[in-house]
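Chemist: One file: entry.cif (mmCIF, N, CA and C atoms and all ligand atoms).
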data_entry
loop_
_atom_site.label_atom_id
_atom_site.label_comp_id
_atom_site.auth_asym_id
_atom_site.auth_seq_id
_atom_site.Cartn_x
_atom_site.Cartn_y
_atom_site.Cartn_z
N MET A 142 196.15 66.38 -10.66
CA MET A 142 195.30 66.29 -11.85
C MET A 142 194.12 67.26 -11.74
N LYS A 143 193.82 67.88 -12.85
CA LYS A 143 192.75 68.87 -12.85
C LYS A 143 191.39 68.17 -12.86
N LYS A 144 190.55 68.68 -12.03
CA LYS A 144 189.22 68.10 -11.96
C LYS A 144 188.23 69.23 -11.76
N GLY A 145 187.19 69.25 -12.56
CA GLY A 145 186.25 70.35 -12.41
C GLY A 145 185.09 70.21 -13.37
N PRO A 146 184.19 71.14 -13.28
CA PRO A 146 182.98 71.04 -14.10
C PRO A 146 183.25 71.08 -15.59
N ASP A 147 184.36 71.72 -16.02
CA ASP A 147 184.62 71.78 -17.45
C ASP A 147 184.85 70.40 -18.05
N LYS A 148 185.53 69.56 -17.29
CA LYS A 148 185.79 68.19 -17.76
C LYS A 148 184.48 67.41 -17.86
N VAL A 149 183.67 67.58 -16.84
CA VAL A 149 182.37 66.93 -16.80
C VAL A 149 181.51 67.41 -17.97
N GLU A 150 181.50 68.72 -18.16
CA GLU A 150 180.67 69.27 -19.22
C GLU A 150 181.11 68.82 -20.61
N SER A 151 182.43 68.70 -20.80
CA SER A 151 182.85 68.28 -22.15
C SER A 151 182.51 66.82 -22.39
N LEU A 152 182.57 65.99 -21.35
CA LEU A 152 182.15 64.59 -21.54
C LEU A 152 180.69 64.53 -21.97
N ILE A 153 179.91 65.38 -21.38
CA ILE A 153 178.49 65.39 -21.71
C ILE A 153 178.24 65.97 -23.09
N SER A 154 178.87 67.12 -23.37
CA SER A 154 178.60 67.75 -24.65
C SER A 154 179.16 66.92 -25.82
N GLU A 155 180.19 66.13 -25.54
CA GLU A 155 180.72 65.25 -26.60
C GLU A 155 179.99 63.92 -26.66
N ARG A 156 178.93 63.83 -25.92
CA ARG A 156 178.09 62.63 -25.92
C ARG A 156 178.87 61.38 -25.57
N ARG A 157 179.72 61.51 -24.56
CA ARG A 157 180.51 60.35 -24.14
C ARG A 157 179.84 59.58 -23.01
N VAL A 158 178.74 60.09 -22.53
CA VAL A 158 177.99 59.38 -21.49
C VAL A 158 176.94 58.53 -22.19
N LYS A 159 177.00 57.24 -21.94
CA LYS A 159 176.11 56.32 -22.66
C LYS A 159 175.31 55.43 -21.73
N LEU A 160 174.04 55.33 -22.05
CA LEU A 160 173.16 54.43 -21.32
C LEU A 160 172.80 53.27 -22.24
N HIS A 161 173.15 52.08 -21.82
CA HIS A 161 172.84 50.88 -22.60
C HIS A 161 171.63 50.21 -21.95
N VAL A 162 170.59 50.04 -22.72
CA VAL A 162 169.37 49.43 -22.19
C VAL A 162 169.18 48.08 -22.86
N PHE A 163 168.98 47.06 -22.03
CA PHE A 163 168.78 45.72 -22.57
C PHE A 163 167.31 45.36 -22.49
N GLU A 164 166.80 44.89 -23.62
CA GLU A 164 165.38 44.58 -23.67
C GLU A 164 165.18 43.10 -23.95
N PRO A 165 164.11 42.53 -23.44
CA PRO A 165 163.01 43.18 -22.70
C PRO A 165 163.23 43.34 -21.19
N SER A 166 164.36 42.94 -20.65
CA SER A 166 164.50 42.97 -19.18
C SER A 166 164.61 44.39 -18.62
N GLN A 167 165.01 45.36 -19.48
CA GLN A 167 165.23 46.75 -19.03
C GLN A 167 166.44 46.87 -18.10
N ARG A 168 167.34 45.90 -18.17
CA ARG A 168 168.59 46.06 -17.43
C ARG A 168 169.36 47.21 -18.05
N ILE A 169 170.03 47.99 -17.23
CA ILE A 169 170.78 49.10 -17.78
C ILE A 169 172.25 49.08 -17.37
N VAL A 170 173.08 49.58 -18.26
CA VAL A 170 174.50 49.72 -17.97
C VAL A 170 174.92 51.12 -18.43
N TRP A 171 175.54 51.87 -17.54
CA TRP A 171 176.06 53.19 -17.89
C TRP A 171 177.55 53.07 -18.20
N THR A 172 177.98 53.75 -19.24
CA THR A 172 179.42 53.85 -19.48
C THR A 172 179.78 55.29 -19.84
N VAL A 173 181.03 55.61 -19.61
CA VAL A 173 181.57 56.88 -20.06
C VAL A 173 182.82 56.57 -20.86
N VAL A 174 182.87 57.10 -22.07
CA VAL A 174 184.02 56.85 -22.92
C VAL A 174 185.09 57.90 -22.63
N GLY A 175 186.17 57.43 -22.04
CA GLY A 175 187.27 58.33 -21.72
C GLY A 175 188.31 58.27 -22.81
N LYS A 176 189.53 58.63 -22.46
CA LYS A 176 190.59 58.61 -23.45
C LYS A 176 190.98 57.18 -23.79
N GLY A 177 190.41 56.65 -24.87
CA GLY A 177 190.75 55.30 -25.32
C GLY A 177 190.19 54.18 -24.47
N LYS A 178 189.44 54.53 -23.46
CA LYS A 178 188.87 53.50 -22.60
C LYS A 178 187.43 53.81 -22.29
N GLU A 179 186.67 52.74 -22.18
CA GLU A 179 185.28 52.93 -21.79
C GLU A 179 185.13 52.48 -20.33
N HIS A 180 184.63 53.37 -19.50
CA HIS A 180 184.49 53.05 -18.09
C HIS A 180 183.06 52.64 -17.77
N TRP A 181 182.95 51.72 -16.87
CA TRP A 181 181.66 51.16 -16.49
C TRP A 181 181.25 51.79 -15.18
N LEU A 182 180.03 52.30 -15.13
CA LEU A 182 179.59 52.99 -13.93
C LEU A 182 178.26 52.47 -13.42
N ASP A 183 178.10 52.58 -12.13
CA ASP A 183 176.81 52.35 -11.53
C ASP A 183 176.49 53.54 -10.64
N PRO A 184 175.74 54.50 -11.19
CA PRO A 184 175.48 55.73 -10.43
C PRO A 184 174.70 55.47 -9.14
N ASP A 185 173.87 54.41 -9.12
CA ASP A 185 173.11 54.13 -7.89
C ASP A 185 174.03 53.64 -6.78
N ALA A 186 175.00 52.84 -7.16
CA ALA A 186 175.95 52.33 -6.16
C ALA A 186 177.16 53.26 -6.03
N GLU A 187 177.16 54.35 -6.80
CA GLU A 187 178.28 55.29 -6.84
C GLU A 187 179.59 54.57 -7.12
N PHE A 188 179.58 53.82 -8.22
CA PHE A 188 180.76 53.06 -8.60
C PHE A 188 181.21 53.45 -10.00
N CYS A 189 182.53 53.54 -10.18
CA CYS A 189 183.10 53.71 -11.51
C CYS A 189 184.30 52.78 -11.61
N SER A 190 184.53 52.23 -12.80
CA SER A 190 185.61 51.25 -12.95
C SER A 190 186.97 51.89 -13.21
N CYS A 191 187.04 53.21 -13.22
CA CYS A 191 188.32 53.84 -13.56
C CYS A 191 189.30 53.81 -12.38
N PRO A 192 190.60 53.85 -12.67
CA PRO A 192 191.60 53.85 -11.60
C PRO A 192 191.48 55.08 -10.69
N GLY A 193 191.09 56.21 -11.25
CA GLY A 193 190.94 57.43 -10.46
C GLY A 193 189.92 57.26 -9.35
N TYR A 194 188.85 56.54 -9.67
CA TYR A 194 187.82 56.29 -8.67
C TYR A 194 188.37 55.36 -7.60
N TYR A 195 189.04 54.32 -8.05
CA TYR A 195 189.58 53.32 -7.13
C TYR A 195 190.56 53.94 -6.15
N PHE A 196 191.50 54.70 -6.68
CA PHE A 196 192.51 55.30 -5.81
C PHE A 196 191.94 56.46 -5.01
N GLY A 197 190.96 57.16 -5.59
CA GLY A 197 190.29 58.23 -4.87
C GLY A 197 189.57 57.68 -3.64
N LYS A 198 188.95 56.53 -3.84
CA LYS A 198 188.23 55.85 -2.76
C LYS A 198 189.17 55.54 -1.60
N LEU A 199 190.36 55.08 -1.95
CA LEU A 199 191.34 54.74 -0.92
C LEU A 199 191.74 55.97 -0.12
N SER A 200 191.74 57.13 -0.77
CA SER A 200 192.14 58.34 -0.04
C SER A 200 190.92 59.13 0.44
N GLY A 201 189.77 58.47 0.45
CA GLY A 201 188.60 59.06 1.09
C GLY A 201 187.70 59.88 0.17
N LYS A 202 188.04 59.93 -1.14
CA LYS A 202 187.16 60.65 -2.06
C LYS A 202 185.99 59.74 -2.43
N LYS A 203 184.87 60.37 -2.76
CA LYS A 203 183.68 59.56 -3.01
C LYS A 203 183.33 59.45 -4.48
N SER A 204 184.00 60.21 -5.31
CA SER A 204 183.52 60.29 -6.68
C SER A 204 184.67 60.45 -7.66
N CYS A 205 184.36 60.40 -8.93
CA CYS A 205 185.33 60.75 -9.96
C CYS A 205 184.55 61.54 -11.00
N TYR A 206 185.23 62.12 -11.97
CA TYR A 206 184.48 62.97 -12.89
C TYR A 206 183.58 62.19 -13.84
N HIS A 207 183.85 60.89 -14.00
CA HIS A 207 182.92 60.08 -14.81
C HIS A 207 181.57 59.97 -14.10
N LEU A 208 181.68 59.69 -12.80
CA LEU A 208 180.47 59.55 -12.00
C LEU A 208 179.69 60.87 -11.97
N GLU A 209 180.42 61.95 -11.82
CA GLU A 209 179.76 63.26 -11.85
C GLU A 209 179.10 63.50 -13.20
N SER A 210 179.76 63.05 -14.26
CA SER A 210 179.21 63.23 -15.61
C SER A 210 177.90 62.47 -15.77
N VAL A 211 177.89 61.22 -15.29
CA VAL A 211 176.67 60.42 -15.43
C VAL A 211 175.53 61.05 -14.63
N LEU A 212 175.84 61.49 -13.42
CA LEU A 212 174.78 62.08 -12.59
C LEU A 212 174.22 63.35 -13.24
N LEU A 213 175.12 64.16 -13.79
CA LEU A 213 174.66 65.38 -14.44
C LEU A 213 173.92 65.08 -15.75
N ALA A 214 174.45 64.15 -16.52
CA ALA A 214 173.81 63.78 -17.78
C ALA A 214 172.41 63.23 -17.55
N LYS A 215 172.28 62.45 -16.47
CA LYS A 215 170.98 61.91 -16.10
C LYS A 215 170.00 63.02 -15.78
N LYS A 216 170.50 63.97 -14.97
CA LYS A 216 169.67 65.08 -14.53
C LYS A 216 169.23 65.93 -15.71
N GLU A 217 170.15 66.15 -16.63
CA GLU A 217 169.84 67.03 -17.77
C GLU A 217 169.34 66.26 -18.98
N ASN A 218 169.25 64.96 -18.82
CA ASN A 218 168.77 64.11 -19.90
C ASN A 218 169.62 64.25 -21.17
N LYS A 219 170.93 64.29 -20.97
CA LYS A 219 171.85 64.46 -22.09
C LYS A 219 172.81 63.29 -22.16
N PHE A 220 172.34 62.19 -22.67
CA PHE A 220 173.21 61.03 -22.82
C PHE A 220 172.77 60.26 -24.05
N GLU A 221 173.66 59.39 -24.52
CA GLU A 221 173.34 58.55 -25.64
C GLU A 221 172.65 57.30 -25.12
N LYS A 222 171.49 57.02 -25.63
CA LYS A 222 170.81 55.80 -25.22
C LYS A 222 170.94 54.76 -26.33
N ILE A 223 171.43 53.61 -25.96
CA ILE A 223 171.63 52.56 -26.95
C ILE A 223 170.87 51.32 -26.48
N VAL A 224 170.05 50.80 -27.36
CA VAL A 224 169.22 49.65 -26.98
C VAL A 224 169.84 48.36 -27.52
N PHE A 225 169.94 47.39 -26.64
CA PHE A 225 170.43 46.06 -27.00
C PHE A 225 169.36 45.03 -26.66
N SER A 226 169.57 43.80 -27.14
CA SER A 226 168.68 42.74 -26.68
C SER A 226 169.36 42.01 -25.53
N ASP A 227 168.56 41.36 -24.71
CA ASP A 227 169.11 40.66 -23.55
C ASP A 227 170.15 39.61 -23.93
N GLU A 228 170.00 39.02 -25.11
CA GLU A 228 170.98 38.00 -25.53
C GLU A 228 172.38 38.59 -25.65
N GLU A 229 172.46 39.90 -25.83
CA GLU A 229 173.76 40.54 -26.01
C GLU A 229 174.41 40.94 -24.69
N TYR A 230 173.67 40.80 -23.61
CA TYR A 230 174.12 41.30 -22.30
C TYR A 230 175.46 40.71 -21.85
N VAL A 231 175.55 39.38 -21.92
CA VAL A 231 176.76 38.71 -21.43
C VAL A 231 177.98 39.12 -22.26
N ASP A 232 177.80 39.12 -23.59
CA ASP A 232 178.92 39.53 -24.46
C ASP A 232 179.31 40.97 -24.22
N PHE A 233 178.32 41.79 -23.99
CA PHE A 233 178.58 43.21 -23.75
C PHE A 233 179.41 43.39 -22.49
N LEU A 234 179.00 42.74 -21.43
CA LEU A 234 179.74 42.85 -20.17
C LEU A 234 181.14 42.28 -20.31
N ALA A 235 181.23 41.15 -21.01
CA ALA A 235 182.55 40.52 -21.19
C ALA A 235 183.51 41.47 -21.92
N SER A 236 183.01 42.15 -22.94
CA SER A 236 183.90 43.05 -23.69
C SER A 236 184.25 44.28 -22.86
N LEU A 237 183.31 44.69 -22.03
CA LEU A 237 183.57 45.84 -21.17
C LEU A 237 184.64 45.49 -20.12
N ILE A 238 184.50 44.32 -19.56
CA ILE A 238 185.44 43.90 -18.52
C ILE A 238 186.82 43.63 -19.10
N SER A 239 186.87 43.06 -20.28
CA SER A 239 188.18 42.77 -20.88
C SER A 239 188.91 44.06 -21.25
N ASP A 240 188.14 45.14 -21.34
CA ASP A 240 188.70 46.44 -21.69
C ASP A 240 189.27 47.19 -20.49
N LEU A 241 188.96 46.71 -19.29
CA LEU A 241 189.34 47.43 -18.08
C LEU A 241 190.85 47.37 -17.84
ZN ZN B 1 185.68 57.24 -13.14
#
Using structure tokens, write down the structure from this file.
Modeler:
Amino acid sequence: MKKGPDKVESLISERRVKLHVFEPSQRIVWTVVGKGKEHWLDPDAEFCSCPGYYFGKLSGKKSCYHLESVLLAKKENKFEKIVFSDEEYVDFLASLISDL
């Protein structure tokens, strides 16, 4: 499978990297919208919910292009920020997990 900066850059330029902020707690959830699926990421823990990350981890890789996209989007401040209320947090996570 092809992996490189072009894939990362298109995710960013297509605004597929999203930061969900829950208020007032300021809890955050990062997602990257891939092909028909939204992946859940934790850039601080270097975690992505995609199968590529999971299987890459097993073979000793540390990252996937979603994770690289979030790190780059963060650095360049190029992501979609969406604000939710804390009451929506549980439903949001539930829908994200059911999508995995
Ligand atoms: Zn991933």
Chemist: Could you pull out the strand (DSSP E or B) residues of range 142-228 of chain A, going by DSSP on the backbone, and write them as a list in words?
Modeler: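 Result set for range 142-228 of chain A (strand (DSSP E or B)): Val158, Lys159, Leu160, His161, Val162, Phe163, Glu164, Arg168, Ile169, Val170, Trp171, Thr172, Val173, Val174, Glu179, His180, Trp181, Leu182, Asp183, Phe188, Cys189, Glu221, Lys222, Ile223, Val224, Phe225 and Ser226 of chain A.
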Chemist: Could you work out how far atom C of Val173 in chain A lies from CA of Tyr194 in chain A, giving the answer in Å with one decimal?
Modeler: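 So the answer is 13.2 Å.
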Chemist: Could you check how far CA of Ala214 in chain A sits from atom N of Val158 in chain A, in Å to one decimal?
Modeler: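 Straight-line distance from CA of Ala214 in chain A to atom N of Val158 in chain A works out to 7.8 Å.
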Chemist: Chain A near ligand ZN 1 (chain B) within 8 Å: what's each residue's closest atom pair and its distance in Å to one decimal, counting only C-alpha atoms and all ligand atoms, ordered by chain then ascending residue number, as CSV?
Modeler:
residue,atom,partner,partner_atom,distance
A:His180,CA,B:ZN1,ZN,6.6
A:Leu182,CA,B:ZN1,ZN,7.5
A:Phe188,CA,B:ZN1,ZN,7.9
A:Cys189,CA,B:ZN1,ZN,4.7
A:Ser190,CA,B:ZN1,ZN,6.0
A:Cys191,CA,B:ZN1,ZN,4.3
A:Pro192,CA,B:ZN1,ZN,7.0
A:Gly193,CA,B:ZN1,ZN,5.9
A:Tyr194,CA,B:ZN1,ZN,5.0
A:Ser204,CA,B:ZN1,ZN,7.5
A:Cys205,CA,B:ZN1,ZN,4.7
A:Tyr206,CA,B:ZN1,ZN,5.9
A:His207,CA,B:ZN1,ZN,4.3
A:Leu208,CA,B:ZN1,ZN,5.8
Chemist: For each of A:Asp227, A:Glu187, A:Glu217, A:Asp147, take the minimum atom-to-atom distance to Glu164 in chain A, counting only C-alpha atoms, then give the residue where this is smallest.
Modeler: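 Closest to Glu164 in chain A, using only C-alpha atoms: A:Asp227.
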Chemist: For Tyr230 in chain A, find every residue with an atom within 10 Å (counting only C-alpha atoms), except residues of its own chain fewer than 6 positions away, and show them as an NGL selection string.
Modeler: :A and (161-164 or 168-170)
Chemist: Would you put the residues from that selection into a file with N, CA and C atoms, as a compact mmCIF listing (two decimals), in the coordinates of the input?
Modeler:
# COMPACT_ATOMS: atom_id res chain seq x y z
N HIS A 161 173.15 52.08 -21.82
CA HIS A 161 172.84 50.88 -22.60
C HIS A 161 171.63 50.21 -21.95
N VAL A 162 170.59 50.04 -22.72
CA VAL A 162 169.37 49.43 -22.19
C VAL A 162 169.18 48.08 -22.86
N PHE A 163 168.98 47.06 -22.03
CA PHE A 163 168.78 45.72 -22.57
C PHE A 163 167.31 45.36 -22.49
N GLU A 164 166.80 44.89 -23.62
CA GLU A 164 165.38 44.58 -23.67
C GLU A 164 165.18 43.10 -23.95
N ARG A 168 167.34 45.90 -18.17
CA ARG A 168 168.59 46.06 -17.43
C ARG A 168 169.36 47.21 -18.05
N ILE A 169 170.03 47.99 -17.23
CA ILE A 169 170.78 49.10 -17.78
C ILE A 169 172.25 49.08 -17.37
N VAL A 170 173.08 49.58 -18.26
CA VAL A 170 174.50 49.72 -17.97
C VAL A 170 174.92 51.12 -18.43
Chemist: Can you pull out the residues contacting Ile153 in chain A? Cut-off 8 Å, using all atoms listed in the file, and skip same-chain residues under 6 positions away; I want them as a compact mmCIF listing (two decimals) with N, CA and C atoms, keeping the file's coordinate frame.
Modeler:
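part33.txt was written with the following content:
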# COMPACT_ATOMS: atom_id res chain seq x y z
N ASP A 147 184.36 71.72 -16.02
CA ASP A 147 184.62 71.78 -17.45
C ASP A 147 184.85 70.40 -18.05
N SER A 210 179.76 63.05 -14.26
CA SER A 210 179.21 63.23 -15.61
C SER A 210 177.90 62.47 -15.77
N VAL A 211 177.89 61.22 -15.29
CA VAL A 211 176.67 60.42 -15.43
C VAL A 211 175.53 61.05 -14.63
N LEU A 213 175.12 64.16 -13.79
CA LEU A 213 174.66 65.38 -14.44
C LEU A 213 173.92 65.08 -15.75
N ALA A 214 174.45 64.15 -16.52
CA ALA A 214 173.81 63.78 -17.78
C ALA A 214 172.41 63.23 -17.55
N LYS A 219 170.93 64.29 -20.97
CA LYS A 219 171.85 64.46 -22.09
C LYS A 219 172.81 63.29 -22.16
N PHE A 220 172.34 62.19 -22.67
CA PHE A 220 173.21 61.03 -22.82
C PHE A 220 172.77 60.26 -24.05
Chemist: When you draw a straight line from CA of Thr172 in chain A to CA of Lys198 in chain A, how long is it in Å?
Modeler: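 According to the coordinates, CA of Thr172 in chain A and CA of Lys198 in chain A are separated by 19.0 Å.
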Chemist: Could you check the closest approach to Lys176 in chain A for each of A:Arg157, A:Leu234, A:Lys203, A:Phe196 and tell me which residue wins, using only C-alpha atoms?
Modeler: A:Arg157
Chemist: Pick from A:Glu221, A:Ile238, A:Phe233, A:Gly197: nearest to Lys159 in chain A, with only N, CA and C atoms counted?
Modeler: A:Glu221
Chemist: Among chain A, which ones does DSSP assign to alpha helix (DSSP H) (computed from the backbone)? Answer as a count of residues only.
Modeler: 39
Chemist: Under the rule that all atoms listed in the file are counted, which of A:Trp181, A:Leu199, A:Asn218, A:Pro165 is the nearest residue to Leu237 in chain A?
Modeler: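 That would be A:Trp181, the residue with the smallest distance to Leu237 in chain A.
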